[in-house]
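Peer 1: Sharing data_26.tsv below, TSV, C-alpha atoms:
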chain	number	residue	atom	x	y	z
A	1	MET	CA	0.00	0.00	0.00
A	2	LYS	CA	1.43	3.27	-1.12
A	3	ASP	CA	1.87	6.30	1.13
A	4	LEU	CA	1.49	4.28	4.33
A	5	LYS	CA	5.17	4.16	5.32
A	6	GLN	CA	4.54	6.53	8.24
A	7	PHE	CA	2.50	3.73	9.87
A	8	ASN	CA	5.49	1.35	9.96
A	9	ILE	CA	6.91	0.95	13.46
A	10	GLN	CA	10.58	0.03	13.56
A	11	PHE	CA	10.83	-1.55	16.98
A	12	VAL	CA	14.45	-2.74	16.83
A	13	GLY	CA	15.93	0.58	17.97
A	14	LEU	CA	13.31	1.31	20.63
A	15	LYS	CA	14.08	0.93	24.32
A	16	GLU	CA	11.80	-1.11	26.53
A	17	GLY	CA	8.92	0.90	27.97
A	18	ASN	CA	6.19	3.22	26.72
A	19	HIS	CA	6.34	5.07	23.41
A	20	LEU	CA	3.66	7.35	21.98
A	21	PHE	CA	2.93	7.58	18.26
A	22	GLU	CA	0.45	10.13	16.89
A	23	TYR	CA	-1.20	9.99	13.49
A	24	GLN	CA	-3.53	12.41	11.70
A	25	ILE	CA	-5.91	10.57	9.36
A	26	ASP	CA	-7.72	12.11	6.39
A	27	ASN	CA	-9.26	10.75	3.18
A	28	THR	CA	-5.90	9.98	1.57
A	29	PHE	CA	-5.45	7.25	4.18
A	30	PHE	CA	-8.75	5.60	3.16
A	31	GLU	CA	-7.95	6.00	-0.54
A	32	ALA	CA	-4.91	3.75	0.00
A	33	PHE	CA	-7.39	1.02	1.03
A	34	ASN	CA	-9.77	1.83	-1.88
A	35	TYR	CA	-12.43	2.83	0.65
A	36	ASN	CA	-14.53	5.75	-0.55
A	37	GLU	CA	-17.57	5.80	1.76
A	38	PHE	CA	-16.47	9.01	3.51
A	39	PHE	CA	-16.77	12.43	1.90
A	40	ASN	CA	-14.27	13.88	4.34
A	41	SER	CA	-12.50	12.74	7.49
A	42	SER	CA	-10.49	14.27	10.28
A	43	ILE	CA	-9.30	11.71	12.80
A	44	LYS	CA	-6.53	11.71	15.38
A	45	VAL	CA	-5.00	8.39	16.40
A	46	ASP	CA	-2.86	8.08	19.53
A	47	LEU	CA	-0.93	4.83	19.73
A	48	ASP	CA	0.51	3.85	23.09
A	49	PHE	CA	3.24	1.36	22.23
A	50	VAL	CA	4.65	-0.63	25.18
A	51	LYS	CA	7.79	-2.58	24.35
A	52	LYS	CA	8.54	-5.51	26.63
A	53	SER	CA	11.30	-8.08	26.34
A	54	THR	CA	9.19	-10.73	24.58
A	55	LEU	CA	6.16	-8.86	23.22
A	56	PHE	CA	4.58	-5.48	22.43
A	57	GLU	CA	1.31	-4.07	23.71
A	58	LEU	CA	-0.46	-1.51	21.51
A	59	THR	CA	-3.41	0.61	22.59
A	60	PHE	CA	-5.08	2.67	19.87
A	61	THR	CA	-7.18	5.68	20.94
A	62	ILE	CA	-9.13	7.18	18.06
A	63	LYS	CA	-11.12	10.44	18.06
A	64	GLY	CA	-12.49	12.55	15.24
A	65	THR	CA	-15.26	12.88	12.68
A	66	VAL	CA	-16.10	11.47	9.29
A	67	ASN	CA	-18.51	13.09	6.86
A	68	LEU	CA	-20.75	10.47	5.27
A	69	PRO	CA	-24.23	10.17	3.72
A	70	CYS	CA	-27.35	9.49	5.77
A	71	ASP	CA	-28.95	6.12	4.97
A	72	THR	CA	-32.45	7.65	5.06
A	73	THR	CA	-32.08	10.99	3.25
A	74	ASN	CA	-28.65	10.68	1.61
A	75	GLU	CA	-27.76	14.08	3.13
A	76	PRO	CA	-24.11	14.32	4.27
A	77	PHE	CA	-23.42	14.75	7.99
A	78	ASP	CA	-20.49	14.54	10.41
A	79	GLN	CA	-20.41	11.28	12.35
A	80	PRO	CA	-18.29	11.57	15.50
A	81	ILE	CA	-15.90	8.72	16.20
A	82	GLU	CA	-14.44	7.87	19.58
A	83	THR	CA	-13.10	4.38	20.11
A	84	SER	CA	-10.11	2.40	21.26
A	85	SER	CA	-8.64	-1.00	20.57
A	86	TYR	CA	-5.92	-3.20	21.97
A	87	LEU	CA	-3.39	-5.39	20.18
A	88	VAL	CA	-0.62	-7.67	21.42
A	89	VAL	CA	2.30	-8.38	19.09
A	90	ASN	CA	4.30	-11.51	19.80
A	91	PHE	CA	7.08	-13.37	18.00
A	92	GLY	CA	6.72	-16.79	16.41
A	93	GLN	CA	7.88	-18.99	13.55
A	94	GLU	CA	5.69	-17.33	10.89
A	95	PHE	CA	3.31	-14.41	10.40
A	96	ASN	CA	-0.18	-15.01	11.82
A	97	ASP	CA	-2.98	-12.46	12.15
A	98	GLU	CA	-5.93	-14.85	12.54
A	99	ASN	CA	-6.73	-13.59	16.05
A	100	GLU	CA	-8.00	-10.00	16.12
A	101	ASP	CA	-6.25	-9.18	19.41
A	102	LEU	CA	-2.96	-11.00	18.75
A	103	LEU	CA	-0.48	-10.53	15.93
A	104	ILE	CA	2.38	-13.00	15.58
A	105	ILE	CA	5.36	-11.85	13.52
A	106	PRO	CA	8.49	-13.82	12.56
A	107	HIS	CA	11.61	-13.43	14.73
A	108	GLU	CA	13.65	-11.87	11.89
A	109	VAL	CA	11.20	-8.97	11.31
A	110	TYR	CA	12.40	-5.54	12.46
A	111	GLN	CA	9.23	-3.51	11.73
A	112	PHE	CA	5.51	-3.92	11.19
A	113	SER	CA	2.68	-1.70	9.95
A	114	VAL	CA	-0.26	-0.57	12.09
A	115	ALA	CA	-2.18	0.94	9.13
A	116	GLN	CA	-4.48	-2.07	8.67
A	117	TYR	CA	-5.43	-2.09	12.38
A	118	ILE	CA	-6.15	1.64	12.39
A	119	TYR	CA	-8.24	1.28	9.22
A	120	GLU	CA	-10.27	-1.64	10.60
A	121	THR	CA	-10.86	0.07	13.95
A	122	ILE	CA	-12.15	3.25	12.31
A	123	VAL	CA	-14.38	1.51	9.76
A	124	LEU	CA	-15.84	-0.86	12.34
A	125	SER	CA	-16.60	2.02	14.71
A	126	ILE	CA	-19.05	3.55	12.21
A	127	PRO	CA	-22.66	2.53	13.01
A	128	THR	CA	-24.20	0.11	10.53
A	129	LYS	CA	-27.26	2.37	10.22
A	130	ARG	CA	-26.10	5.92	9.63
A	131	ILE	CA	-28.82	8.44	10.39
A	132	HIS	CA	-28.48	12.23	10.25
A	133	PRO	CA	-29.01	13.77	13.73
A	134	LYS	CA	-31.69	16.11	12.32
A	135	VAL	CA	-33.70	13.07	11.17
A	136	LEU	CA	-33.56	11.67	14.70
A	137	ASP	CA	-34.74	14.89	16.35
A	138	GLY	CA	-37.36	15.60	13.64
A	139	THR	CA	-35.96	18.91	12.35
A	140	MET	CA	-34.76	17.64	8.94
A	141	GLN	CA	-36.63	18.93	5.90
A	142	SER	CA	-35.93	16.99	2.70
A	143	GLU	CA	-37.68	15.58	-0.33
A	144	ALA	CA	-36.67	12.04	0.67
A	145	LEU	CA	-38.37	12.33	4.07
A	146	ASP	CA	-41.49	13.86	2.50
A	147	LYS	CA	-41.71	10.96	0.05
A	148	LEU	CA	-41.19	8.41	2.85
A	149	LYS	CA	-44.03	9.98	4.86
A	150	GLU	CA	-46.24	9.91	1.78
A	151	LEU	CA	-45.55	6.20	1.19
A	152	THR	CA	-45.94	5.12	4.82
A	153	ILE	CA	-48.59	2.44	5.37
A	154	LYS	CA	-51.36	4.09	7.33
A	155	GLU	CA	-53.61	1.17	8.17
A	156	VAL	CA	-53.29	-2.56	7.76
A	157	LYS	CA	-56.34	-4.37	6.43
A	158	THR	CA	-57.01	-7.79	7.89
A	159	VAL	CA	-58.85	-10.58	6.16
A	160	GLU	CA	-61.46	-12.36	8.32
A	161	ASN	CA	-61.28	-15.79	6.73
A	162	THR	CA	-57.58	-16.50	6.93
A	163	ASP	CA	-56.27	-20.01	7.15
A	164	PRO	CA	-54.29	-20.33	10.44
A	165	ARG	CA	-51.72	-22.69	8.92
Once more with this new file: its structure as structure tokens, please.

Peer 2:
Amino acid sequence: MKDLKQFNIQFVGLKEGNHLFEYQIDNTFFEAFNYNEFFNSSIKVDLDFVKKSTLFELTFTIKGTVNLPCDTTNEPFDQPIETSSYLVVNFGQEFNDENEDLLIIPHEVYQFSVAQYIYETIVLSIPTKRIHPKVLDGTMQSEALDKLKELTIKEVKTVENTDPR
């Protein structure tokens, strides 16, 4: 993935203990993953990297906003994001990322990338149903909402002689 070199952590030269990495994420980050669901994004990622003698502990703290379309009206709105995730990096014979909380890297590796984990954490923190806040509080005025109100089923007709099977 191009332009993601800043997300590579070279841990060989780091002393044991806590290290803080800060990243500013915008749409160019998501373009590297061919993800184009956001109109705009402004996200700050703080990575607390704890190096121990046999493993690394990573805590991602993510805060910011993404501008995306409402699922009901298709109007763009800013969706706030505030989440965190935890990852343990250990050494083994071969690369293994099958477990979402544990990454195993080969002994001869001197760096690894956190871009994929940041990407997944941000994308998974977006609600599956994205609704504009003005739709929720009833102040939104749009053609889509007017059409939905017009097409709403007002009364359900029941048939008396229905077969109970």

Peer 1: Closest to A:Ile25 among A:Ala115, A:Val50, A:Ile153, A:Leu103, using all atoms listed in the file?

Peer 2: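 Closest to A:Ile25 of all the choices is A:Ala115.
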
Peer 1: So which one's closest to A:Gly17, A:Ser53, A:Ser42, A:Ser85, A:Asn34? Using all atoms listed in the file, please.

Peer 2: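 Going through A:Ser53, A:Ser42, A:Ser85, A:Asn34 one by one, the smallest distance to A:Gly17 is for A:Ser53.
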
Peer 1: Taking (9.1, 2.3, 16.6) in the file's own coordinates, collect the residues within 12 Å, counting only C-alpha atoms, and hand them back as a list of chain:residue names.

Peer 2: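 All residues meeting the 12 Å criterion around (9.1, 2.3, 16.6) are A:Gln6, A:Phe7, A:Asn8, A:Ile9, A:Gln10, A:Phe11, A:Val12, A:Gly13, A:Leu14, A:Lys15, A:Glu16, A:Gly17, A:Asn18, A:His19, A:Leu20, A:Phe21, A:Glu22, A:Leu47, A:Asp48, A:Phe49, A:Val50, A:Lys51, A:Phe56, A:Leu58, A:Tyr110, A:Gln111, A:Phe112, A:Ser113, A:Val114.
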
Peer 1: Take the residues from that selection and write them out as a PDB file, in the frame of the given file, keeping C-alpha atoms.

Peer 2:
ATOM      1  CA  GLN A   6       4.540   6.530   8.240  1.00  0.00           C
ATOM      2  CA  PHE A   7       2.500   3.730   9.870  1.00  0.00           C
ATOM      3  CA  ASN A   8       5.490   1.350   9.960  1.00  0.00           C
ATOM      4  CA  ILE A   9       6.910   0.950  13.460  1.00  0.00           C
ATOM      5  CA  GLN A  10      10.580   0.030  13.560  1.00  0.00           C
ATOM      6  CA  PHE A  11      10.830  -1.550  16.980  1.00  0.00           C
ATOM      7  CA  VAL A  12      14.450  -2.740  16.830  1.00  0.00           C
ATOM      8  CA  GLY A  13      15.930   0.580  17.970  1.00  0.00           C
ATOM      9  CA  LEU A  14      13.310   1.310  20.630  1.00  0.00           C
ATOM     10  CA  LYS A  15      14.080   0.930  24.320  1.00  0.00           C
ATOM     11  CA  GLU A  16      11.800  -1.110  26.530  1.00  0.00           C
ATOM     12  CA  GLY A  17       8.920   0.900  27.970  1.00  0.00           C
ATOM     13  CA  ASN A  18       6.190   3.220  26.720  1.00  0.00           C
ATOM     14  CA  HIS A  19       6.340   5.070  23.410  1.00  0.00           C
ATOM     15  CA  LEU A  20       3.660   7.350  21.980  1.00  0.00           C
ATOM     16  CA  PHE A  21       2.930   7.580  18.260  1.00  0.00           C
ATOM     17  CA  GLU A  22       0.450  10.130  16.890  1.00  0.00           C
ATOM     18  CA  LEU A  47      -0.930   4.830  19.730  1.00  0.00           C
ATOM     19  CA  ASP A  48       0.510   3.850  23.090  1.00  0.00           C
ATOM     20  CA  PHE A  49       3.240   1.360  22.230  1.00  0.00           C
ATOM     21  CA  VAL A  50       4.650  -0.630  25.180  1.00  0.00           C
ATOM     22  CA  LYS A  51       7.790  -2.580  24.350  1.00  0.00           C
ATOM     23  CA  PHE A  56       4.580  -5.480  22.430  1.00  0.00           C
ATOM     24  CA  LEU A  58      -0.460  -1.510  21.510  1.00  0.00           C
ATOM     25  CA  TYR A 110      12.400  -5.540  12.460  1.00  0.00           C
ATOM     26  CA  GLN A 111       9.230  -3.510  11.730  1.00  0.00           C
ATOM     27  CA  PHE A 112       5.510  -3.920  11.190  1.00  0.00           C
ATOM     28  CA  SER A 113       2.680  -1.700   9.950  1.00  0.00           C
ATOM     29  CA  VAL A 114      -0.260  -0.570  12.090  1.00  0.00           C
TER      30      VAL A 114
END

Peer 1: Identify the residues within 10 Å of coordinate (-6.2, -4.0, 22.9) (same frame as the file), considering all atoms listed in the file, and give the answer as a PyMOL selection string.

Peer 2: chain A and resi 57-61+84-88+100-102

Peer 1: I need the residues from that last selection saved to file as a PDB file, in the coordinates of the input (with C-alpha atoms), if you can.

Peer 2:
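As a result, part-v4.pdb now contains:
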ATOM      1  CA  GLU A  57       1.310  -4.070  23.710  1.00  0.00           C
ATOM      2  CA  LEU A  58      -0.460  -1.510  21.510  1.00  0.00           C
ATOM      3  CA  THR A  59      -3.410   0.610  22.590  1.00  0.00           C
ATOM      4  CA  PHE A  60      -5.080   2.670  19.870  1.00  0.00           C
ATOM      5  CA  THR A  61      -7.180   5.680  20.940  1.00  0.00           C
ATOM      6  CA  SER A  84     -10.110   2.400  21.260  1.00  0.00           C
ATOM      7  CA  SER A  85      -8.640  -1.000  20.570  1.00  0.00           C
ATOM      8  CA  TYR A  86      -5.920  -3.200  21.970  1.00  0.00           C
ATOM      9  CA  LEU A  87      -3.390  -5.390  20.180  1.00  0.00           C
ATOM     10  CA  VAL A  88      -0.620  -7.670  21.420  1.00  0.00           C
ATOM     11  CA  GLU A 100      -8.000 -10.000  16.120  1.00  0.00           C
ATOM     12  CA  ASP A 101      -6.250  -9.180  19.410  1.00  0.00           C
ATOM     13  CA  LEU A 102      -2.960 -11.000  18.750  1.00  0.00           C
TER      14      LEU A 102
END

Peer 1: By how many Å are atom CA of A:Gly64 and atom CA of A:Asp137 apart?

Peer 2: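 Computing it gives 22.4 Å between the two atoms.
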
Peer 1: Tell me which of A:Asp3, A:Ile81, A:Ile126, A:Leu68 sits closest to A:Asn36, counting all atoms listed in the file.

Peer 2: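 With all atoms listed in the file as the atom set, the closest residue is A:Leu68.
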
Peer 1: What's around A:Asn74 at 10 Å? Count only C-alpha atoms, leave out sequence neighbours fewer than 2 positions away in its own chain, and write the answer as a ChimeraX atom specification.

Peer 2: /A:68-72,76-77,130-132,142,144

Peer 1: Next, write the just-selected residues to a file, as a CSV table (one decimal), keeping the file's coordinate frame, keeping C-alpha atoms as the atom set.

Peer 2:
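What landed in out.csv:
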chain,number,residue,atom,x,y,z
A,68,LEU,CA,-20.8,10.5,5.3
A,69,PRO,CA,-24.2,10.2,3.7
A,70,CYS,CA,-27.4,9.5,5.8
A,71,ASP,CA,-29.0,6.1,5.0
A,72,THR,CA,-32.4,7.6,5.1
A,76,PRO,CA,-24.1,14.3,4.3
A,77,PHE,CA,-23.4,14.8,8.0
A,130,ARG,CA,-26.1,5.9,9.6
A,131,ILE,CA,-28.8,8.4,10.4
A,132,HIS,CA,-28.5,12.2,10.2
A,142,SER,CA,-35.9,17.0,2.7
A,144,ALA,CA,-36.7,12.0,0.7
